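Peer 1: This is the structure I have questions about; it appears just below.
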Amino acid sequence: MKNIRKLHIAYLLILFAAATLFFAQFLEKKRMDIHSSGAVDVSVIIYNPTVSPGVTLVQDRGWNDPSTLSNQIRSTFAQRSGGYVNYSIAETIVIDGFPIKEDGFTYTVQSYMDCMANSSNCHMPDIANYTTIMNNNDVCSKVNSGQIDEVWVWGGPYFGYYESRLVGPNSGFWYNSSPVYLPACGQLVPVMGFNYERGLDAALHSFGHRMESTMTQVYGGWSQNNISTRWAKFGLVDFQSPDYNYSGCGSIHYPSNADSEYDYNDTSNIPSTCNSYVNFPNSGEPGQAIPLSCSSWGCSELGFLGWWFSHIPRRSGVGSDGVLMNWWVYFLDPDHVYVDYPPGDDGNPPPPPPPEPTPSTNPEPEPDPDNEQGEEGNEGNSDGDGNSNNTDSGGDSGTDNEIIDEGNEDSTDSSDNEVNESVTEKTKDLITGILRDGDNESSEEDKKILTVVRHGALLSVIILATYTATALSIIWYLRKRYPKFSSIHR
């Protein structure tokens, strides 16, 4: 009996080790999917309390449908990234209730309506409890199992969201707000906070600050009147840079031709290098600047944000500065910010630029200035300093959740020796990549091949371990059941 117990224990240990390896490879594949194709699975959490029988807050106030806005976000990023960013809504969770605040406060229908009637009645501090949001909606387990990569949370004004925030197992970095330490999550998780009182422009504004925060972390800083990095060149604003007489693509608050904050409809022509970013990294130089006005984006905030995102570099490979030339990778996967790459040669040809859409003659109307929207005409979310005048939902108040699932050709060569040598060299490169856990300078196709090879090797190990354990069990049984077999086997 002792022998059989030992055998079973060994068998279980082998299976456990194989399962652990398989899970690690699965998570690596998810990360590679983000890197190579921009595929990101999103959990959409909507706080939309019932304020009277059969009537939700959104219906009562005539606000925007958050599911419709979520789909508009998806399609906008697919278009503006030239098809690279591939957001997929994995689930939509509708919560009939208000979020709980960090200090434990939760609005009732009456207290929230009082807040809407007079902002002096709104609860402060305003920030929602992000840990409660994550825990009550099982976010970390879904992230760890590969079901989701990102969270979008919707709510009304004063629900308590930041525009963007990181939660995860380490200290993270500034994401237009301070990070939330949540060790249960196996990776950093972007959490976007949206206000369904506002429109698509407000949501894209939040994503813009996320990109700014991300690339500032990648390059170790960002300031105007400075072109020391490729990111600084991209975000250069003439109005804020007295030593320069041209702009890059500008920033989320200052378009390239702005002479004040939020100046999205300025018709003045200011030299800008932004159009040169279709040839990144051969871009951002003063000799490439051409006069641009708001006519380039339709003279609206929504138009500018789309135009700005469409110029984000998305080339393959690593730049000579040691930074990936596809900045969307950092935007979608914040853990990539901590990956060190050896400097590349800037040598890959750029992809074709996405077509420039015709500026709308009927841009989205500006939001009502009488609505309290927080600092900078914010999306109803917290400003970057944590002073959330109007914010979205966060935390759970114990109400019911409704979950809606979304979601060979044969060829010949006259020189067999050359072919064989090429195959041999390719095999060596692949084996080297496997031993090094991937090569940072490998092509995306090679990385996919490496993943397939690793998965095949892992499957072979599992099959071999299972076969060995089964064979040993059979031999042990035959020895015990048939003593003659034992003597023959010897």
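Following the order of the structure tokens, first chain is A, next is B, and so on, with residues numbered from 1 inside each chain and ligands from 1 in the order they appear.
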Which of range 127-252 of chain A end up as alpha helix (DSSP H) when DSSP is run on this backbone - answer as a ChimeraX atom specification?
Peer 2: /A:130-136,139-144,200-219,230-234
Peer 1: How would the residues just chosen look if you wrote them out with C-alpha atoms as an mmCIF file, in the first residue's frame?
Peer 2:
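What ended up in selection05.cif:
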```cif
data_model
loop_
_atom_site.group_PDB
_atom_site.id
_atom_site.type_symbol
_atom_site.label_atom_id
_atom_site.label_comp_id
_atom_site.auth_asym_id
_atom_site.auth_seq_id
_atom_site.Cartn_x
_atom_site.Cartn_y
_atom_site.Cartn_z
ATOM 1 C CA TYR A 130 -12.126 50.355 -6.642
ATOM 2 C CA THR A 131 -11.174 47.299 -4.597
ATOM 3 C CA THR A 132 -14.854 46.618 -3.968
ATOM 4 C CA ILE A 133 -15.700 47.031 -7.648
ATOM 5 C CA MET A 134 -13.024 44.525 -8.621
ATOM 6 C CA ASN A 135 -13.847 41.996 -5.904
ATOM 7 C CA ASN A 136 -17.627 42.097 -6.237
ATOM 8 C CA VAL A 139 -12.387 40.800 -11.974
ATOM 9 C CA CYS A 140 -9.076 39.279 -10.863
ATOM 10 C CA SER A 141 -10.134 35.658 -11.343
ATOM 11 C CA LYS A 142 -11.412 36.531 -14.839
ATOM 12 C CA VAL A 143 -8.129 38.270 -15.637
ATOM 13 C CA ASN A 144 -6.067 35.373 -14.292
ATOM 14 C CA LEU A 200 -18.099 59.633 -27.151
ATOM 15 C CA ASP A 201 -15.781 62.646 -27.098
ATOM 16 C CA ALA A 202 -15.571 62.501 -23.302
ATOM 17 C CA ALA A 203 -14.708 58.784 -23.349
ATOM 18 C CA LEU A 204 -11.975 59.277 -25.956
ATOM 19 C CA HIS A 205 -10.642 62.173 -23.878
ATOM 20 C CA SER A 206 -10.169 59.721 -20.994
ATOM 21 C CA PHE A 207 -8.335 57.278 -23.263
ATOM 22 C CA GLY A 208 -6.134 60.145 -24.452
ATOM 23 C CA HIS A 209 -4.914 60.834 -20.924
ATOM 24 C CA ARG A 210 -4.268 57.105 -20.550
ATOM 25 C CA MET A 211 -1.988 57.203 -23.607
ATOM 26 C CA GLU A 212 -0.225 60.305 -22.295
ATOM 27 C CA SER A 213 0.387 58.706 -18.897
ATOM 28 C CA THR A 214 1.582 55.475 -20.471
ATOM 29 C CA MET A 215 4.095 57.001 -22.862
ATOM 30 C CA THR A 216 5.335 59.396 -20.178
ATOM 31 C CA GLN A 217 6.162 56.321 -18.076
ATOM 32 C CA VAL A 218 7.801 54.561 -21.038
ATOM 33 C CA TYR A 219 10.086 57.515 -21.734
ATOM 34 C CA ARG A 230 10.325 60.737 -29.608
ATOM 35 C CA TRP A 231 7.332 61.075 -27.311
ATOM 36 C CA ALA A 232 8.284 64.698 -26.498
ATOM 37 C CA LYS A 233 8.474 65.442 -30.229
ATOM 38 C CA PHE A 234 5.074 63.864 -30.816
#
```
Peer 1: May I have the residues within 12 Å of Met192 in chain A as a PDB file with N, CA, C and O atoms, in the first residue's frame, using only C-alpha atoms and disregarding those fewer than 2 positions away in the same chain?
Peer 2:
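File part11.pdb, as written:
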```pdb
ATOM      1  N   VAL A  42     -12.759  42.867 -22.960  1.00  0.00           N
ATOM      2  CA  VAL A  42     -13.180  43.896 -22.003  1.00  0.00           C
ATOM      3  C   VAL A  42     -14.399  43.438 -21.202  1.00  0.00           C
ATOM      4  O   VAL A  42     -15.341  42.860 -21.758  1.00  0.00           O
ATOM      5  N   SER A  43     -14.366  43.697 -19.908  1.00  0.00           N
ATOM      6  CA  SER A  43     -15.547  43.553 -19.059  1.00  0.00           C
ATOM      7  C   SER A  43     -16.175  44.933 -18.885  1.00  0.00           C
ATOM      8  O   SER A  43     -15.523  45.860 -18.393  1.00  0.00           O
ATOM      9  N   VAL A  44     -17.407  45.082 -19.328  1.00  0.00           N
ATOM     10  CA  VAL A  44     -18.131  46.353 -19.200  1.00  0.00           C
ATOM     11  C   VAL A  44     -19.065  46.249 -18.004  1.00  0.00           C
ATOM     12  O   VAL A  44     -19.933  45.374 -17.951  1.00  0.00           O
ATOM     13  N   ILE A  45     -18.869  47.120 -17.013  1.00  0.00           N
ATOM     14  CA  ILE A  45     -19.677  47.126 -15.792  1.00  0.00           C
ATOM     15  C   ILE A  45     -20.486  48.419 -15.767  1.00  0.00           C
ATOM     16  O   ILE A  45     -19.916  49.518 -15.792  1.00  0.00           O
ATOM     17  N   ILE A  46     -21.806  48.301 -15.736  1.00  0.00           N
ATOM     18  CA  ILE A  46     -22.697  49.466 -15.811  1.00  0.00           C
ATOM     19  C   ILE A  46     -23.488  49.591 -14.520  1.00  0.00           C
ATOM     20  O   ILE A  46     -24.266  48.696 -14.175  1.00  0.00           O
ATOM     21  N   SER A  70     -20.153  52.060 -25.652  1.00  0.00           N
ATOM     22  CA  SER A  70     -19.062  51.073 -25.601  1.00  0.00           C
ATOM     23  C   SER A  70     -18.750  50.557 -27.003  1.00  0.00           C
ATOM     24  O   SER A  70     -17.583  50.396 -27.383  1.00  0.00           O
ATOM     25  N   ILE A  73     -16.883  53.158 -28.953  1.00  0.00           N
ATOM     26  CA  ILE A  73     -15.467  53.177 -28.563  1.00  0.00           C
ATOM     27  C   ILE A  73     -14.709  52.091 -29.314  1.00  0.00           C
ATOM     28  O   ILE A  73     -13.629  52.322 -29.863  1.00  0.00           O
ATOM     29  N   TYR A 130     -12.499  51.197  -5.506  1.00  0.00           N
ATOM     30  CA  TYR A 130     -12.126  50.355  -6.642  1.00  0.00           C
ATOM     31  C   TYR A 130     -11.913  48.900  -6.237  1.00  0.00           C
ATOM     32  O   TYR A 130     -12.217  47.978  -7.006  1.00  0.00           O
ATOM     33  N   ASP A 149      -9.118  41.308 -20.118  1.00  0.00           N
ATOM     34  CA  ASP A 149      -7.843  42.012 -19.984  1.00  0.00           C
ATOM     35  C   ASP A 149      -8.023  43.417 -19.434  1.00  0.00           C
ATOM     36  O   ASP A 149      -7.059  44.023 -18.967  1.00  0.00           O
ATOM     37  N   GLU A 150      -9.244  43.945 -19.513  1.00  0.00           N
ATOM     38  CA  GLU A 150      -9.482  45.359 -19.208  1.00  0.00           C
ATOM     39  C   GLU A 150     -10.914  45.524 -18.714  1.00  0.00           C
ATOM     40  O   GLU A 150     -11.776  44.686 -18.987  1.00  0.00           O
ATOM     41  N   VAL A 151     -11.160  46.621 -17.985  1.00  0.00           N
ATOM     42  CA  VAL A 151     -12.493  46.886 -17.431  1.00  0.00           C
ATOM     43  C   VAL A 151     -12.921  48.304 -17.790  1.00  0.00           C
ATOM     44  O   VAL A 151     -12.131  49.250 -17.672  1.00  0.00           O
ATOM     45  N   TRP A 152     -14.176  48.432 -18.263  1.00  0.00           N
ATOM     46  CA  TRP A 152     -14.801  49.742 -18.478  1.00  0.00           C
ATOM     47  C   TRP A 152     -15.990  49.848 -17.537  1.00  0.00           C
ATOM     48  O   TRP A 152     -16.897  49.019 -17.581  1.00  0.00           O
ATOM     49  N   VAL A 153     -15.986  50.875 -16.693  1.00  0.00           N
ATOM     50  CA  VAL A 153     -17.058  51.054 -15.712  1.00  0.00           C
ATOM     51  C   VAL A 153     -17.837  52.327 -16.046  1.00  0.00           C
ATOM     52  O   VAL A 153     -17.258  53.403 -16.233  1.00  0.00           O
ATOM     53  N   TRP A 154     -19.165  52.194 -16.126  1.00  0.00           N
ATOM     54  CA  TRP A 154     -20.040  53.320 -16.472  1.00  0.00           C
ATOM     55  C   TRP A 154     -20.889  53.739 -15.278  1.00  0.00           C
ATOM     56  O   TRP A 154     -21.265  52.917 -14.444  1.00  0.00           O
ATOM     57  N   GLY A 155     -21.202  55.014 -15.243  1.00  0.00           N
ATOM     58  CA  GLY A 155     -22.090  55.540 -14.219  1.00  0.00           C
ATOM     59  C   GLY A 155     -22.429  56.992 -14.500  1.00  0.00           C
ATOM     60  O   GLY A 155     -22.052  57.545 -15.534  1.00  0.00           O
ATOM     61  N   GLY A 160     -18.008  58.564  -8.846  1.00  0.00           N
ATOM     62  CA  GLY A 160     -16.707  58.409  -8.191  1.00  0.00           C
ATOM     63  C   GLY A 160     -15.599  57.764  -8.972  1.00  0.00           C
ATOM     64  O   GLY A 160     -14.693  57.179  -8.370  1.00  0.00           O
ATOM     65  N   TYR A 161     -15.586  57.862 -10.299  1.00  0.00           N
ATOM     66  CA  TYR A 161     -14.507  57.238 -11.073  1.00  0.00           C
ATOM     67  C   TYR A 161     -13.431  58.234 -11.460  1.00  0.00           C
ATOM     68  O   TYR A 161     -13.702  59.396 -11.721  1.00  0.00           O
ATOM     69  N   TYR A 162     -12.219  57.708 -11.586  1.00  0.00           N
ATOM     70  CA  TYR A 162     -11.181  58.413 -12.323  1.00  0.00           C
ATOM     71  C   TYR A 162     -11.352  58.099 -13.812  1.00  0.00           C
ATOM     72  O   TYR A 162     -11.981  57.108 -14.172  1.00  0.00           O
ATOM     73  N   GLU A 163     -10.766  58.936 -14.644  1.00  0.00           N
ATOM     74  CA  GLU A 163     -10.836  58.678 -16.082  1.00  0.00           C
ATOM     75  C   GLU A 163     -10.164  57.349 -16.430  1.00  0.00           C
ATOM     76  O   GLU A 163     -10.658  56.574 -17.253  1.00  0.00           O
ATOM     77  N   SER A 164      -9.021  57.103 -15.848  1.00  0.00           N
ATOM     78  CA  SER A 164      -8.331  55.829 -16.049  1.00  0.00           C
ATOM     79  C   SER A 164      -7.526  55.518 -14.790  1.00  0.00           C
ATOM     80  O   SER A 164      -7.023  56.423 -14.122  1.00  0.00           O
ATOM     81  N   ARG A 165      -7.429  54.230 -14.485  1.00  0.00           N
ATOM     82  CA  ARG A 165      -6.725  53.817 -13.284  1.00  0.00           C
ATOM     83  C   ARG A 165      -6.185  52.406 -13.477  1.00  0.00           C
ATOM     84  O   ARG A 165      -6.807  51.580 -14.148  1.00  0.00           O
ATOM     85  N   LEU A 166      -5.030  52.125 -12.887  1.00  0.00           N
ATOM     86  CA  LEU A 166      -4.462  50.783 -12.919  1.00  0.00           C
ATOM     87  C   LEU A 166      -4.721  50.071 -11.607  1.00  0.00           C
ATOM     88  O   LEU A 166      -4.579  50.661 -10.523  1.00  0.00           O
ATOM     89  N   VAL A 167      -5.100  48.797 -11.683  1.00  0.00           N
ATOM     90  CA  VAL A 167      -5.171  47.946 -10.501  1.00  0.00           C
ATOM     91  C   VAL A 167      -4.323  46.724 -10.790  1.00  0.00           C
ATOM     92  O   VAL A 167      -4.231  46.271 -11.941  1.00  0.00           O
ATOM     93  N   TYR A 175      -1.532  56.784 -13.870  1.00  0.00           N
ATOM     94  CA  TYR A 175      -2.383  56.489 -15.017  1.00  0.00           C
ATOM     95  C   TYR A 175      -3.472  57.540 -15.102  1.00  0.00           C
ATOM     96  O   TYR A 175      -4.643  57.239 -15.266  1.00  0.00           O
ATOM     97  N   ASN A 176      -3.044  58.776 -14.965  1.00  0.00           N
ATOM     98  CA  ASN A 176      -3.928  59.912 -14.726  1.00  0.00           C
ATOM     99  C   ASN A 176      -4.629  59.776 -13.380  1.00  0.00           C
ATOM    100  O   ASN A 176      -5.626  60.442 -13.114  1.00  0.00           O
ATOM    101  N   SER A 177      -4.134  58.909 -12.549  1.00  0.00           N
ATOM    102  CA  SER A 177      -4.573  58.705 -11.162  1.00  0.00           C
ATOM    103  C   SER A 177      -3.588  57.725 -10.537  1.00  0.00           C
ATOM    104  O   SER A 177      -2.815  57.057 -11.241  1.00  0.00           O
ATOM    105  N   VAL A 189      -4.178  45.791 -14.597  1.00  0.00           N
ATOM    106  CA  VAL A 189      -5.453  45.820 -15.319  1.00  0.00           C
ATOM    107  C   VAL A 189      -5.886  47.284 -15.510  1.00  0.00           C
ATOM    108  O   VAL A 189      -6.102  47.993 -14.525  1.00  0.00           O
ATOM    109  N   PRO A 190      -6.013  47.761 -16.751  1.00  0.00           N
ATOM    110  CA  PRO A 190      -6.541  49.101 -16.969  1.00  0.00           C
ATOM    111  C   PRO A 190      -8.038  49.143 -16.639  1.00  0.00           C
ATOM    112  O   PRO A 190      -8.801  48.277 -17.070  1.00  0.00           O
ATOM    113  N   PHE A 194     -16.186  55.923 -17.070  1.00  0.00           N
ATOM    114  CA  PHE A 194     -16.944  56.745 -18.015  1.00  0.00           C
ATOM    115  C   PHE A 194     -18.240  57.246 -17.390  1.00  0.00           C
ATOM    116  O   PHE A 194     -18.834  56.589 -16.536  1.00  0.00           O
ATOM    117  N   ASN A 195     -18.696  58.384 -17.907  1.00  0.00           N
ATOM    118  CA  ASN A 195     -19.935  59.004 -17.463  1.00  0.00           C
ATOM    119  C   ASN A 195     -20.933  58.982 -18.614  1.00  0.00           C
ATOM    120  O   ASN A 195     -20.716  59.618 -19.643  1.00  0.00           O
ATOM    121  N   ALA A 202     -16.050  62.547 -24.681  1.00  0.00           N
ATOM    122  CA  ALA A 202     -15.571  62.501 -23.302  1.00  0.00           C
ATOM    123  C   ALA A 202     -14.834  61.191 -23.027  1.00  0.00           C
ATOM    124  O   ALA A 202     -13.805  61.164 -22.335  1.00  0.00           O
ATOM    125  N   ALA A 203     -15.361  60.087 -23.553  1.00  0.00           N
ATOM    126  CA  ALA A 203     -14.708  58.784 -23.349  1.00  0.00           C
ATOM    127  C   ALA A 203     -13.342  58.754 -24.025  1.00  0.00           C
ATOM    128  O   ALA A 203     -12.348  58.281 -23.444  1.00  0.00           O
ATOM    129  N   LEU A 204     -13.256  59.251 -25.255  1.00  0.00           N
ATOM    130  CA  LEU A 204     -11.975  59.277 -25.956  1.00  0.00           C
ATOM    131  C   LEU A 204     -10.984  60.200 -25.258  1.00  0.00           C
ATOM    132  O   LEU A 204      -9.774  59.948 -25.252  1.00  0.00           O
ATOM    133  N   HIS A 205     -11.484  61.271 -24.667  1.00  0.00           N
ATOM    134  CA  HIS A 205     -10.642  62.173 -23.878  1.00  0.00           C
ATOM    135  C   HIS A 205      -9.956  61.402 -22.745  1.00  0.00           C
ATOM    136  O   HIS A 205      -8.761  61.564 -22.490  1.00  0.00           O
ATOM    137  N   SER A 206     -10.732  60.536 -22.079  1.00  0.00           N
ATOM    138  CA  SER A 206     -10.169  59.721 -20.994  1.00  0.00           C
ATOM    139  C   SER A 206      -9.080  58.793 -21.523  1.00  0.00           C
ATOM    140  O   SER A 206      -8.016  58.637 -20.918  1.00  0.00           O
ATOM    141  N   PHE A 207      -9.337  58.160 -22.668  1.00  0.00           N
ATOM    142  CA  PHE A 207      -8.335  57.278 -23.263  1.00  0.00           C
ATOM    143  C   PHE A 207      -7.086  58.067 -23.663  1.00  0.00           C
ATOM    144  O   PHE A 207      -5.968  57.547 -23.609  1.00  0.00           O
ATOM    145  N   GLY A 208      -7.272  59.322 -24.081  1.00  0.00           N
ATOM    146  CA  GLY A 208      -6.134  60.145 -24.452  1.00  0.00           C
ATOM    147  C   GLY A 208      -5.193  60.366 -23.285  1.00  0.00           C
ATOM    148  O   GLY A 208      -3.964  60.282 -23.429  1.00  0.00           O
ATOM    149  N   HIS A 209      -5.759  60.665 -22.110  1.00  0.00           N
ATOM    150  CA  HIS A 209      -4.914  60.834 -20.924  1.00  0.00           C
ATOM    151  C   HIS A 209      -4.235  59.522 -20.548  1.00  0.00           C
ATOM    152  O   HIS A 209      -3.114  59.518 -20.019  1.00  0.00           O
ATOM    153  N   ARG A 210      -4.897  58.413 -20.801  1.00  0.00           N
ATOM    154  CA  ARG A 210      -4.268  57.105 -20.550  1.00  0.00           C
ATOM    155  C   ARG A 210      -3.030  56.936 -21.438  1.00  0.00           C
ATOM    156  O   ARG A 210      -1.976  56.480 -20.964  1.00  0.00           O
ATOM    157  N   LEU A 332      -2.212  49.137 -24.559  1.00  0.00           N
ATOM    158  CA  LEU A 332      -3.109  48.013 -24.282  1.00  0.00           C
ATOM    159  C   LEU A 332      -2.600  47.104 -23.170  1.00  0.00           C
ATOM    160  O   LEU A 332      -3.395  46.469 -22.481  1.00  0.00           O
ATOM    161  N   GLU A 379     -14.941  64.313 -18.294  1.00  0.00           N
ATOM    162  CA  GLU A 379     -16.021  63.439 -18.724  1.00  0.00           C
ATOM    163  C   GLU A 379     -16.955  63.055 -17.599  1.00  0.00           C
ATOM    164  O   GLU A 379     -17.591  62.021 -17.638  1.00  0.00           O
ATOM    165  N   ASN A 381     -15.670  62.421 -14.760  1.00  0.00           N
ATOM    166  CA  ASN A 381     -14.808  61.555 -13.982  1.00  0.00           C
ATOM    167  C   ASN A 381     -13.947  62.424 -13.101  1.00  0.00           C
ATOM    168  O   ASN A 381     -13.935  63.636 -13.192  1.00  0.00           O
ATOM    169  N   SER A 382     -13.140  61.758 -12.266  1.00  0.00           N
ATOM    170  CA  SER A 382     -12.236  62.512 -11.425  1.00  0.00           C
ATOM    171  C   SER A 382     -11.192  63.185 -12.278  1.00  0.00           C
ATOM    172  O   SER A 382     -10.787  62.680 -13.300  1.00  0.00           O
ATOM    173  N   THR A 391     -18.013  62.253 -11.171  1.00  0.00           N
ATOM    174  CA  THR A 391     -17.356  60.986 -11.411  1.00  0.00           C
ATOM    175  C   THR A 391     -18.373  59.917 -11.639  1.00  0.00           C
ATOM    176  O   THR A 391     -19.558  60.091 -11.483  1.00  0.00           O
ATOM    177  N   ASP A 392     -17.849  58.747 -12.043  1.00  0.00           N
ATOM    178  CA  ASP A 392     -18.704  57.656 -12.398  1.00  0.00           C
ATOM    179  C   ASP A 392     -18.761  56.634 -11.277  1.00  0.00           C
ATOM    180  O   ASP A 392     -18.231  56.808 -10.227  1.00  0.00           O
ATOM    181  N   SER A 393     -19.384  55.503 -11.601  1.00  0.00           N
ATOM    182  CA  SER A 393     -19.663  54.536 -10.558  1.00  0.00           C
ATOM    183  C   SER A 393     -18.456  53.761 -10.130  1.00  0.00           C
ATOM    184  O   SER A 393     -17.497  53.619 -10.818  1.00  0.00           O
ATOM    185  N   GLY A 394     -18.504  53.174  -8.966  1.00  0.00           N
ATOM    186  CA  GLY A 394     -17.444  52.310  -8.479  1.00  0.00           C
ATOM    187  C   GLY A 394     -17.887  51.678  -7.199  1.00  0.00           C
ATOM    188  O   GLY A 394     -18.561  52.260  -6.383  1.00  0.00           O
TER     189      GLY A 394
END
```
Peer 1: Could you tell me which of A:Ile474, A:Val180, A:Ala128, A:Cys115 comes closest to Pro99 in chain A if we count only C-alpha atoms?
Peer 2: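 Smallest separation from Pro99 in chain A among the options: A:Ala128.
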Peer 1: What separation in Å, quoted to one decimal, exists between CA of Ser223 in chain A and CA of Pro271 in chain A?
Peer 2: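 Computing the Euclidean distance for CA of Ser223 in chain A and CA of Pro271 in chain A yields 19.4 Å.
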Peer 1: Please tabulate, as a tab-separated table, the residues of range 141-234 of chain A that come within 9 Å of range 240-245 of chain A, each with its closest pair of atoms and the distance in Å to one decimal, counting only C-alpha atoms and ordering rows by chain, then residue number upward.
Peer 2:
```
residue	atom	partner	partner_atom	distance
A:Gln224	CA	A:Ser241	CA	5.7
A:Asn225	CA	A:Ser241	CA	3.9
A:Asn226	CA	A:Ser241	CA	7.5
```
